[in-house]
Amino acid sequence: MTAQIDSIPRVSVRDLFIAIRMFESEPSTTLENLRLRFCLDRNAKRKGDYLFATAVIVAGEMQKLGLIEGGPMPKATSKTHEAAKGKVIKVTTAGQELLRLFLNDRPSAFDKLFARMYAAHRNLQAFVAVIQKRNLIAPIATSVKDHIGATYGSGASLATAVAKGDLNIDETIRLLGQRMARELSQEEKSEIKAGLEQLVKDSALSAGNEDGTEFAKNFLAKFNDVVIPAVFRADGLPFDYRTHRTIWSLGEEFKLWGTITSHPEHSGTVVYRTASILLSQDSEQVADLVFDSGLQKTREDFLAKMFTCYQKLQALRKSKFVNAWELRAVFCLDNRCQLSVFNRLFEEHYAGTDEFSLHFEIQQAKSRHEEPLRAGQRSVGTILMTRE
């Protein structure tokens, strides 16, 4: 394996295994064949250079992990497609071993791939060190009015303020501390204020030219690029917002940590551990992964656990019917399980038992950030739960 690297490419675990399976019958393939395989997987057009950049990024990551060899990779852009599409990549001994493991013991192959990624990425090591100890609350801005300032009731009003260089940054920082339920340090305030002042300057021209809604969307994305590294810097996680999102996504695919956005006690994305990661003595290698809150463990007394969370949420909301995705968020955080685990078990148990009864109201308003909770063919909006 190559030396540790600091950046984590925007890859998915699924794509990495799609790529490794390209070597089932032949020890080598080309970047173009890999691109075409990704197109097939996504049921997407195959003409032109579509997904060539993805093929290059995935191949580059596999080479860094020691799974393939192919020499220097081209830039992940459409401009390099014609000249580089025939580039040959060959599977290594380590890649063949991972492929054999995947074909015979898929869960172990996932664990093995995570161990290789952990050893190759310092950012991933730093993240694991923190998530093993506590949850992370990421104050991701998704609403101009709620997260930038109540003065800005629309994208147009935000654009007007930015165009004039008149954004109330002090109010924005106050709202951020309120969302995080703590006083921001002076270092955090200074970094965020400087970053937002620069963002306002850089965005002044587009504020005057873009549609208000589109401008607000772009501004919020750049706002998160300023805030997220600043609030996690003291934890040793000063990565950009994209890197954080990539790490969160990888953890969900590996079933090692999860994210929720609808927890009633947290204003932001909560990242929480769903498995135990046992490390070597020097913390540079993964020794073992223990899935202590997986499907089978969580299935035990599922409705009793759910009722406990229902009572907690009912007391908080002062209502017999509680929001379905808030209940799911409370359950997943309290029981450290993946959203997919809760969804699967809810489908198995929504009819209730002699001890527990569940009553639903069909979903009317959609959650802004999470998939609906399903009971058969219905999307559940609110839940009333009783115990005999």
# chains A, B, ... in the order shown; residues from 1 in each chain; ligands from 1
call {"tool": "select_by_dssp", "arguments": {"residues": "stretch 79-150 of chain A", "states": "alpha helix (DSSP H)", "output": "MDAnalysis selection string"}}
result
chainID A and resid 81:84 93:104 106:120 122:131 144:147
call {"tool": "closest_residue", "arguments": {"among": "A:Gln377, A:Thr382, A:Gln364, A:Thr172", "to": "A:Tyr310", "atoms": "only C-alpha atoms"}}
result
A:Thr382
call {"tool": "residues_around", "arguments": {"residues": "A:Met385", "least_positions_apart": "3", "cutoff": "7 Å", "atoms": "only C-alpha atoms", "output": "list in words"}}
result
Phe307, Ser357, Leu358 and His359 of chain A
call {"tool": "residues_around", "arguments": {"residues": "stretch 45-61 of chain A", "least_positions_apart": "3", "cutoff": "7 Å", "atoms": "only C-alpha atoms", "output": "ChimeraX atom specification"}}
result
/A:9,11,16,31,34-36,39,64-65,73,76-78,81
call {"tool": "residues_around", "arguments": {"residues": "stretch 262-266 of chain A", "least_positions_apart": "5", "cutoff": "10 Å", "atoms": "only C-alpha atoms", "output": "PyMOL selection string"}}
result
chain A and resi 137-139+179-181+313+316-317+323-333+367-370
call {"tool": "write_last_selection", "arguments": {"atoms": "N, CA, C and O atoms", "output": "compact mmCIF listing (two decimals), in the first residue's frame"}}
result
# COMPACT_ATOMS: atom_id res chain seq x y z
N ILE A 137 -22.36 16.53 16.29
CA ILE A 137 -23.52 17.32 15.87
C ILE A 137 -23.03 18.33 14.83
O ILE A 137 -22.28 19.24 15.15
N ALA A 138 -23.46 18.15 13.60
CA ALA A 138 -23.02 19.02 12.51
C ALA A 138 -24.13 20.02 12.20
O ALA A 138 -25.20 19.64 11.72
N PRO A 139 -23.89 21.32 12.46
CA PRO A 139 -24.93 22.33 12.25
C PRO A 139 -25.04 22.74 10.78
O PRO A 139 -24.76 23.87 10.40
N ARG A 179 -27.95 26.72 17.92
CA ARG A 179 -28.19 25.41 17.34
C ARG A 179 -27.28 24.36 17.96
O ARG A 179 -27.69 23.20 18.14
N MET A 180 -26.05 24.73 18.28
CA MET A 180 -25.10 23.79 18.83
C MET A 180 -25.23 23.64 20.34
O MET A 180 -24.54 22.82 20.96
N ALA A 181 -26.10 24.46 20.93
CA ALA A 181 -26.37 24.40 22.38
C ALA A 181 -25.11 24.62 23.20
O ALA A 181 -24.90 24.00 24.24
N LEU A 313 -40.53 10.71 23.25
CA LEU A 313 -40.91 11.71 22.27
C LEU A 313 -42.27 12.31 22.60
O LEU A 313 -42.49 13.52 22.43
N LEU A 316 -41.90 14.92 25.17
CA LEU A 316 -41.25 16.10 24.62
C LEU A 316 -42.21 16.93 23.79
O LEU A 316 -42.23 18.16 23.87
N ARG A 317 -43.02 16.27 22.98
CA ARG A 317 -43.91 16.96 22.05
C ARG A 317 -45.30 17.24 22.63
O ARG A 317 -46.09 17.96 22.01
N ASN A 323 -44.42 12.36 15.42
CA ASN A 323 -43.88 12.34 14.07
C ASN A 323 -43.10 11.05 13.83
O ASN A 323 -42.24 10.67 14.62
N ALA A 324 -43.40 10.37 12.72
CA ALA A 324 -42.82 9.05 12.45
C ALA A 324 -41.31 9.10 12.29
O ALA A 324 -40.59 8.26 12.83
N TRP A 325 -40.80 10.08 11.52
CA TRP A 325 -39.35 10.08 11.31
C TRP A 325 -38.61 10.65 12.51
O TRP A 325 -37.45 10.34 12.71
N GLU A 326 -39.28 11.44 13.36
CA GLU A 326 -38.65 11.82 14.62
C GLU A 326 -38.54 10.61 15.55
O GLU A 326 -37.52 10.42 16.23
N LEU A 327 -39.58 9.77 15.56
CA LEU A 327 -39.53 8.55 16.37
C LEU A 327 -38.41 7.64 15.89
O LEU A 327 -37.67 7.06 16.70
N ARG A 328 -38.25 7.51 14.59
CA ARG A 328 -37.17 6.69 14.04
C ARG A 328 -35.81 7.25 14.45
O ARG A 328 -34.91 6.49 14.82
N ALA A 329 -35.67 8.57 14.39
CA ALA A 329 -34.39 9.20 14.75
C ALA A 329 -34.06 8.96 16.22
O ALA A 329 -32.92 8.64 16.57
N VAL A 330 -35.04 9.12 17.11
CA VAL A 330 -34.82 8.89 18.54
C VAL A 330 -34.43 7.44 18.78
O VAL A 330 -33.49 7.14 19.53
N PHE A 331 -35.15 6.52 18.14
CA PHE A 331 -34.86 5.09 18.32
C PHE A 331 -33.44 4.77 17.85
O PHE A 331 -32.68 4.10 18.56
N CYS A 332 -33.08 5.23 16.66
CA CYS A 332 -31.77 4.88 16.10
C CYS A 332 -30.63 5.43 16.94
O CYS A 332 -29.62 4.75 17.15
N LEU A 333 -30.79 6.64 17.45
CA LEU A 333 -29.73 7.21 18.28
C LEU A 333 -29.64 6.50 19.62
O LEU A 333 -28.55 6.16 20.09
N SER A 367 -40.73 14.69 4.99
CA SER A 367 -39.50 15.09 5.66
C SER A 367 -38.58 15.70 4.62
O SER A 367 -38.48 15.22 3.49
N ARG A 368 -37.89 16.78 4.99
CA ARG A 368 -37.03 17.48 4.03
C ARG A 368 -35.76 16.70 3.73
O ARG A 368 -35.15 16.88 2.68
N HIS A 369 -35.35 15.83 4.63
CA HIS A 369 -34.01 15.26 4.49
C HIS A 369 -33.98 13.74 4.59
O HIS A 369 -32.95 13.14 4.32
N GLU A 370 -35.06 13.09 5.02
CA GLU A 370 -35.01 11.65 5.24
C GLU A 370 -36.09 10.94 4.44
O GLU A 370 -37.13 11.51 4.10
call {"tool": "closest_residue", "arguments": {"among": "A:Gln198, A:Thr274, A:Thr353, A:Asn335", "to": "A:Ile169", "atoms": "only C-alpha atoms"}}
result
A:Gln198
call {"tool": "residues_around", "arguments": {"residues": "A:Val380", "least_positions_apart": "6", "cutoff": "7 Å", "atoms": "only C-alpha atoms", "output": "list in words"}}
result
Ala324, Phe360, Glu361, Ile362, Gln363, Leu373 and Arg374 of chain A
call {"tool": "write_last_selection", "arguments": {"atoms": "all heavy atoms", "output": "tab-separated table (two decimals), in the first residue's frame"}}
result
chain	number	residue	atom	x	y	z
A	324	ALA	N	-43.40	10.37	12.72
A	324	ALA	CA	-42.82	9.05	12.45
A	324	ALA	C	-41.31	9.10	12.29
A	324	ALA	O	-40.59	8.26	12.83
A	324	ALA	CB	-43.47	8.45	11.20
A	360	PHE	N	-51.71	4.61	12.91
A	360	PHE	CA	-50.99	5.52	12.02
A	360	PHE	C	-51.91	6.58	11.44
A	360	PHE	O	-53.12	6.36	11.27
A	360	PHE	CB	-50.37	4.76	10.83
A	360	PHE	CG	-49.58	3.56	11.21
A	360	PHE	CD1	-49.79	2.34	10.58
A	360	PHE	CD2	-48.61	3.63	12.20
A	360	PHE	CE1	-49.07	1.22	10.92
A	360	PHE	CE2	-47.88	2.51	12.55
A	360	PHE	CZ	-48.10	1.30	11.91
A	361	GLU	N	-51.30	7.70	11.13
A	361	GLU	CA	-51.90	8.68	10.23
A	361	GLU	C	-51.00	8.74	9.00
A	361	GLU	O	-49.78	8.76	9.12
A	361	GLU	CB	-52.00	10.06	10.88
A	361	GLU	CG	-53.06	10.12	11.98
A	361	GLU	CD	-53.18	11.51	12.58
A	361	GLU	OE1	-52.26	12.33	12.36
A	361	GLU	OE2	-54.18	11.78	13.25
A	362	ILE	N	-51.60	8.74	7.82
A	362	ILE	CA	-50.83	8.72	6.58
A	362	ILE	C	-50.05	10.03	6.45
A	362	ILE	O	-50.53	11.10	6.80
A	362	ILE	CB	-51.76	8.51	5.37
A	362	ILE	CG1	-52.53	7.21	5.53
A	362	ILE	CG2	-50.95	8.49	4.08
A	362	ILE	CD1	-51.67	5.99	5.72
A	363	GLN	N	-48.85	9.91	5.94
A	363	GLN	CA	-47.97	11.07	5.80
A	363	GLN	C	-48.58	12.11	4.86
A	363	GLN	O	-48.99	11.81	3.75
A	363	GLN	CB	-46.61	10.62	5.25
A	363	GLN	CG	-45.62	11.75	5.05
A	363	GLN	CD	-44.28	11.24	4.54
A	363	GLN	OE1	-43.99	10.05	4.64
A	363	GLN	NE2	-43.48	12.12	4.00
A	373	LEU	N	-41.10	6.72	6.28
A	373	LEU	CA	-41.22	5.46	6.99
A	373	LEU	C	-42.42	4.71	6.41
A	373	LEU	O	-43.53	5.26	6.36
A	373	LEU	CB	-41.42	5.71	8.48
A	373	LEU	CG	-41.52	4.46	9.38
A	373	LEU	CD1	-40.23	3.66	9.31
A	373	LEU	CD2	-41.80	4.87	10.82
A	374	ARG	N	-42.19	3.48	5.99
A	374	ARG	CA	-43.23	2.74	5.28
A	374	ARG	C	-43.86	1.66	6.16
A	374	ARG	O	-43.17	0.99	6.93
A	374	ARG	CB	-42.64	2.07	4.04
A	374	ARG	CG	-41.95	3.01	3.08
A	374	ARG	CD	-42.91	3.82	2.27
A	374	ARG	NE	-43.70	2.98	1.36
A	374	ARG	CZ	-44.64	3.46	0.56
A	374	ARG	NH1	-44.94	4.76	0.59
A	374	ARG	NH2	-45.29	2.65	-0.26
